[in-house]
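**Q** Take a look at my_file09.cif, mmCIF, C-alpha atoms:
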```
data_my_file
#
loop_
_atom_site.label_atom_id
_atom_site.label_comp_id
_atom_site.auth_asym_id
_atom_site.auth_seq_id
_atom_site.Cartn_x
_atom_site.Cartn_y
_atom_site.Cartn_z
CA MET O 1 96.82 127.44 86.11
CA ASP O 2 94.05 124.86 86.50
CA ILE O 3 95.69 121.48 86.95
CA ARG O 4 94.36 118.76 84.66
CA LYS O 5 95.24 115.10 85.07
CA GLY O 6 96.50 113.17 82.04
CA LYS O 7 96.50 109.45 81.31
CA LEU O 8 98.15 107.04 83.74
CA LEU O 9 101.92 107.31 83.45
CA TYR O 10 103.00 104.64 85.94
CA GLU O 11 101.42 102.31 88.49
CA GLY O 12 103.26 100.67 91.37
CA LYS O 13 102.06 98.55 94.26
CA THR O 14 100.94 101.49 96.41
CA LYS O 15 100.75 104.51 94.08
CA LYS O 16 99.70 105.70 90.64
CA VAL O 17 101.45 108.57 88.86
CA TYR O 18 99.80 110.86 86.31
CA PRO O 19 101.16 113.67 84.11
CA THR O 20 99.47 117.06 84.18
CA ASN O 21 99.03 119.94 81.77
CA ASP O 22 102.10 121.47 83.45
CA PRO O 23 105.19 119.61 82.16
CA ASP O 24 106.99 120.28 85.45
CA GLN O 25 104.33 118.72 87.69
CA LEU O 26 102.85 115.28 88.35
CA ILE O 27 99.94 113.91 90.34
CA ILE O 28 100.52 111.01 92.74
CA HIS O 29 97.51 108.94 93.74
CA PHE O 30 97.93 106.92 96.93
CA LYS O 31 96.22 103.54 96.67
CA ASN O 32 94.40 101.62 99.40
CA GLU O 33 96.34 98.48 98.56
CA ILE O 34 99.22 96.84 100.36
CA PHE O 35 101.29 93.70 99.88
CA PRO O 36 102.31 92.56 103.40
CA SER O 37 105.61 90.70 103.51
CA HIS O 38 104.14 87.99 105.75
CA THR O 39 101.55 87.03 103.11
CA GLY O 40 102.71 88.63 99.86
CA LYS O 41 99.06 88.88 98.81
CA LYS O 42 97.32 92.10 97.87
CA GLU O 43 95.05 93.51 100.56
CA THR O 44 92.79 96.56 100.46
CA ILE O 45 92.64 98.81 103.52
CA LYS O 46 89.92 101.44 103.75
CA ASN O 47 91.28 105.02 103.72
CA LYS O 48 94.92 103.86 103.62
CA GLY O 49 95.63 106.05 100.58
CA ALA O 50 94.14 109.14 102.19
CA ILE O 51 96.01 108.49 105.46
CA ASN O 52 99.35 108.09 103.69
CA ASN O 53 98.69 111.18 101.59
CA THR O 54 97.87 113.23 104.69
CA ILE O 55 100.97 112.06 106.53
CA SER O 56 103.31 112.47 103.57
CA SER O 57 102.03 115.95 102.75
CA LEU O 58 102.33 117.11 106.35
CA LEU O 59 105.87 115.73 106.74
CA PHE O 60 107.01 117.24 103.44
CA GLN O 61 105.75 120.63 104.58
CA TYR O 62 107.38 120.15 107.97
CA LEU O 63 110.73 119.38 106.36
CA GLU O 64 110.36 122.43 104.11
CA SER O 65 110.06 124.54 107.27
CA TYR O 66 113.59 123.33 108.11
CA HIS O 67 114.83 124.37 104.63
CA ILE O 68 114.92 120.78 103.36
CA PRO O 69 113.64 120.90 99.75
CA THR O 70 110.98 118.39 98.67
CA HIS O 71 108.91 117.76 95.56
CA TYR O 72 105.68 118.65 97.40
CA VAL O 73 103.45 121.30 95.82
CA ASP O 74 99.91 120.85 97.13
CA ILE O 75 97.17 118.42 98.15
CA LEU O 76 94.57 118.05 95.40
CA LYS O 77 92.27 115.40 96.90
CA PRO O 78 92.30 113.34 100.10
CA ASP O 79 94.31 110.66 98.29
CA GLU O 80 96.14 112.77 95.68
CA ILE O 81 99.12 115.09 95.85
CA LEU O 82 100.62 117.49 93.32
CA VAL O 83 104.42 117.27 93.09
CA ARG O 84 107.29 118.60 91.03
CA LYS O 85 108.45 116.28 88.27
CA LEU O 86 111.93 115.07 89.17
CA GLU O 87 114.70 113.37 87.30
CA ILE O 88 114.83 110.47 89.72
CA ILE O 89 118.23 109.28 90.93
CA PRO O 90 118.00 105.46 90.67
CA MET O 91 118.81 104.61 94.26
CA GLU O 92 117.07 104.26 97.59
CA VAL O 93 118.57 105.54 100.82
CA LYS O 94 117.87 103.40 103.88
CA ILE O 95 118.24 104.77 107.41
CA TRP O 96 118.16 102.80 110.67
CA ASN O 97 118.01 104.23 114.20
CA PHE O 98 117.41 100.85 115.86
CA VAL O 99 118.59 97.34 115.02
CA THR O 100 115.86 95.55 113.08
CA ALA O 101 115.60 91.86 112.27
CA SER O 102 117.47 92.31 108.99
CA LEU O 103 120.38 94.15 110.65
CA SER O 104 120.45 91.63 113.47
CA LYS O 105 120.75 88.79 110.99
CA ARG O 106 123.49 90.53 109.00
CA PHE O 107 125.63 91.74 111.90
CA GLY O 108 124.69 89.61 114.92
CA VAL O 109 123.57 92.59 117.00
CA GLN O 110 120.60 92.24 119.36
CA LYS O 111 117.32 93.22 117.70
CA GLY O 112 115.87 96.42 119.14
CA THR O 113 119.27 97.86 120.13
CA VAL O 114 119.41 101.67 119.98
CA LEU O 115 122.13 102.64 117.52
CA ALA O 116 124.78 105.06 118.74
CA CYS O 117 124.47 106.83 115.39
CA PRO O 118 122.15 106.18 112.45
CA ILE O 119 123.16 103.64 109.84
CA ILE O 120 122.74 104.98 106.31
CA GLU O 121 122.96 102.75 103.26
CA PHE O 122 122.59 103.51 99.56
CA HIS O 123 120.93 100.84 97.40
CA LEU O 124 120.67 100.73 93.63
CA LYS O 125 117.01 100.53 92.58
CA ASN O 126 117.14 97.49 90.34
CA ASP O 127 114.89 94.54 91.13
CA LYS O 128 116.69 92.27 88.66
CA LEU O 129 119.94 92.82 90.57
CA LYS O 130 118.08 92.54 93.92
CA ASN O 131 118.74 96.20 94.77
CA PRO O 132 122.41 95.85 95.76
CA MET O 133 123.99 98.14 98.32
CA ILE O 134 126.31 100.73 96.76
CA THR O 135 128.68 103.38 98.06
CA ILE O 136 128.96 107.04 97.13
CA ASP O 137 131.93 106.03 94.98
CA HIS O 138 129.74 103.53 93.06
CA ALA O 139 127.11 106.21 92.49
CA CYS O 140 129.69 108.66 91.15
CA ALA O 141 131.56 106.07 89.07
CA PHE O 142 128.37 104.73 87.46
CA GLY O 143 127.02 108.21 86.74
CA PHE O 144 124.06 108.26 89.12
CA GLY O 145 125.29 111.49 90.65
CA ASP O 146 128.43 113.59 90.90
CA PRO O 147 130.45 113.81 94.15
CA GLU O 148 128.88 117.12 95.18
CA GLU O 149 125.33 115.77 94.66
CA MET O 150 126.05 112.61 96.61
CA GLN O 151 127.60 114.49 99.51
CA ASN O 152 124.59 116.82 99.47
CA ILE O 153 122.21 113.84 99.63
CA ASP O 154 124.19 112.36 102.52
CA ARG O 155 123.94 115.63 104.46
CA MET O 156 120.23 115.96 103.67
CA VAL O 157 119.51 112.40 104.81
CA ARG O 158 121.17 112.99 108.19
CA LYS O 159 119.26 116.23 108.70
CA ILE O 160 115.96 114.66 107.62
CA ASN O 161 116.47 111.79 110.03
CA ALA O 162 117.27 114.12 112.94
CA VAL O 163 114.27 116.37 112.23
CA LEU O 164 111.83 113.46 111.87
CA LYS O 165 113.15 111.60 114.92
CA SER O 166 112.49 114.65 117.05
CA TYR O 167 109.05 115.14 115.50
CA PHE O 168 108.02 111.53 116.17
CA ASP O 169 109.54 111.51 119.68
CA ARG O 170 107.09 114.23 120.67
CA ARG O 171 104.27 111.97 119.50
CA GLU O 172 105.45 108.93 121.47
CA LEU O 173 106.77 107.16 118.40
CA LYS O 174 110.36 106.05 117.88
CA LEU O 175 111.48 106.14 114.25
CA VAL O 176 113.01 102.72 113.69
CA ASP O 177 113.87 103.05 110.01
CA LEU O 178 112.83 104.79 106.82
CA ASN O 179 113.55 104.73 103.10
CA LEU O 180 114.05 107.87 101.04
CA GLU O 181 114.36 108.70 97.35
CA PHE O 182 115.77 111.80 95.69
CA GLY O 183 115.73 113.47 92.31
CA ARG O 184 116.82 116.55 90.41
CA PHE O 185 114.63 119.53 89.68
CA GLY O 186 116.71 121.87 87.58
CA ASN O 187 120.02 122.14 89.43
CA GLN O 188 118.51 121.29 92.83
CA ILE O 189 118.28 117.96 94.66
CA LEU O 190 114.84 117.33 96.20
CA ILE O 191 113.28 114.55 98.27
CA GLY O 192 110.85 112.64 96.10
CA ASP O 193 108.40 109.76 96.41
CA GLU O 194 106.70 109.80 99.85
CA ILE O 195 107.26 109.74 103.61
CA SER O 196 104.39 107.67 104.91
CA LEU O 197 103.42 104.47 106.68
CA ASP O 198 104.63 102.60 103.60
CA ASN O 199 108.27 103.61 104.06
CA CYS O 200 108.59 104.45 107.79
CA ARG O 201 108.47 102.02 110.71
CA PHE O 202 108.06 102.77 114.39
CA PHE O 203 108.26 101.52 117.94
CA LYS O 204 105.42 102.84 120.07
CA VAL O 205 106.07 104.41 123.46
CA LEU O 206 103.59 103.24 126.10
CA ASP O 207 103.66 104.50 129.68
CA GLY O 208 107.08 106.04 129.03
CA GLU O 209 108.64 102.78 127.82
CA ILE O 210 109.64 101.80 124.30
CA ARG O 211 107.94 98.67 123.00
CA ASN O 212 110.75 97.00 121.07
CA LYS O 213 108.53 95.48 118.44
CA VAL O 214 107.95 97.27 115.16
CA PHE O 215 104.34 98.41 114.99
CA LEU O 216 103.05 97.22 111.63
CA PRO O 217 99.51 98.53 111.20
CA HIS O 218 98.68 96.09 108.39
CA GLU O 219 99.33 93.18 110.79
CA ALA O 220 97.16 94.52 113.61
CA ASP O 221 93.93 92.78 114.65
CA ASP O 222 91.98 95.88 113.58
CA VAL O 223 93.96 97.16 110.59
CA GLU O 224 91.85 100.24 109.89
CA ALA O 225 92.01 101.32 113.53
CA ALA O 226 95.79 100.83 113.57
CA TYR O 227 96.26 103.08 110.53
CA GLU O 228 93.98 105.68 112.05
CA GLU O 229 95.89 105.54 115.35
CA LEU O 230 99.17 106.33 113.63
CA ARG O 231 97.57 109.09 111.57
CA SER O 232 96.16 110.71 114.71
CA ARG O 233 99.53 110.50 116.46
CA ILE O 234 101.50 111.91 113.53
CA CYS O 235 99.08 114.57 112.31
CA PRO O 236 97.92 117.25 114.77
#
```
Would you encode the structure as structure tokens?
**A**
Amino acid sequence: MDIRKGKLLYEGKTKKVYPTNDPDQLIIHFKNEIFPSHTGKKETIKNKGAINNTISSLLFQYLESYHIPTHYVDILKPDEILVRKLEIIPMEVKIWNFVTASLSKRFGVQKGTVLACPIIEFHLKNDKLKNPMITIDHACAFGFGDPEEMQNIDRMVRKINAVLKSYFDRRELKLVDLNLEFGRFGNQILIGDEISLDNCRFFKVLDGEIRNKVFLPHEADDVEAAYEELRSRICP
């Protein structure tokens, strides 16, 4: 089937979503825009959308090779991806492998500390409620997912984190934290959204040593070069 793009369905800060002539598939367009937390103002970064699309597509395919199901179908354009249309579960899963500033502030642990095991938190996606942290029991009680689905997501998250940590280690990047979203496709739970420089953060390894400062490409002196550096490290 020739895929045809419909009218804009949804636009967020970093992506646009379009329906297609296949009711089970969507097109995600990765934008060149970003809203850095240190300024809060919209900035445009050349090729950011294409870089994030390349990284996300590659990592989705890599996870699929480990039998981790994703919504990825195909790359359509440098900055567009074809995905399965999911019934999105309204929560975000946050994973930490190192103590970041936010964890340090909350728990009084030294920033940059390597965690003995990953910290995994579930957060309700609701800006009005400031995205509160929830437990698996909350998710089941409020009808976001049944116990089997939530346990499945928990297992998937731990496997995803382990697979990606190893992948990035080989590219002299330490996965500090990442955010994941999931949804239903039929009776299957799939990873949705993206895995890109917009929802992963890293420490760089230089001369065999970890630099315990999160590398934020949008805050670099040469932003375009910083994005390209990470793309070249992540993508063979």
**Q** Kindly give the distance, in Å, that separates atom CA of O:Asp22 and atom CA of O:His71, rounded to a single decimal.
**A**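 Distance between the two atoms: 14.4 Å.
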**Q** Please indicate the distance in Å from atom CA of O:Phe60 to atom CA of O:Tyr72, rounded to one decimal place.
**A** 6.3 Å
**Q** Pull the neighbourhood of (108.3, 108.2, 103.3) for me: all residues within 8 Å in file coordinates, counting all atoms listed in the file, as JSON, numbers by chain.
**A** {"O": [56, 178, 179, 180, 193, 194, 195, 196, 197, 198, 199, 200]}
**Q** O:Ile89, O:Ala162, O:Leu8, O:Leu103: which is nearest O:Gly143, counting all atoms listed in the file?
**A** O:Ile89
**Q** Measuring atom to atom with only C-alpha atoms, identify which of O:Ala50, O:Val223, O:Glu172, O:Met91 is nearest to O:Lys77.
**A**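 So, comparing all the options, the nearest one is O:Ala50.
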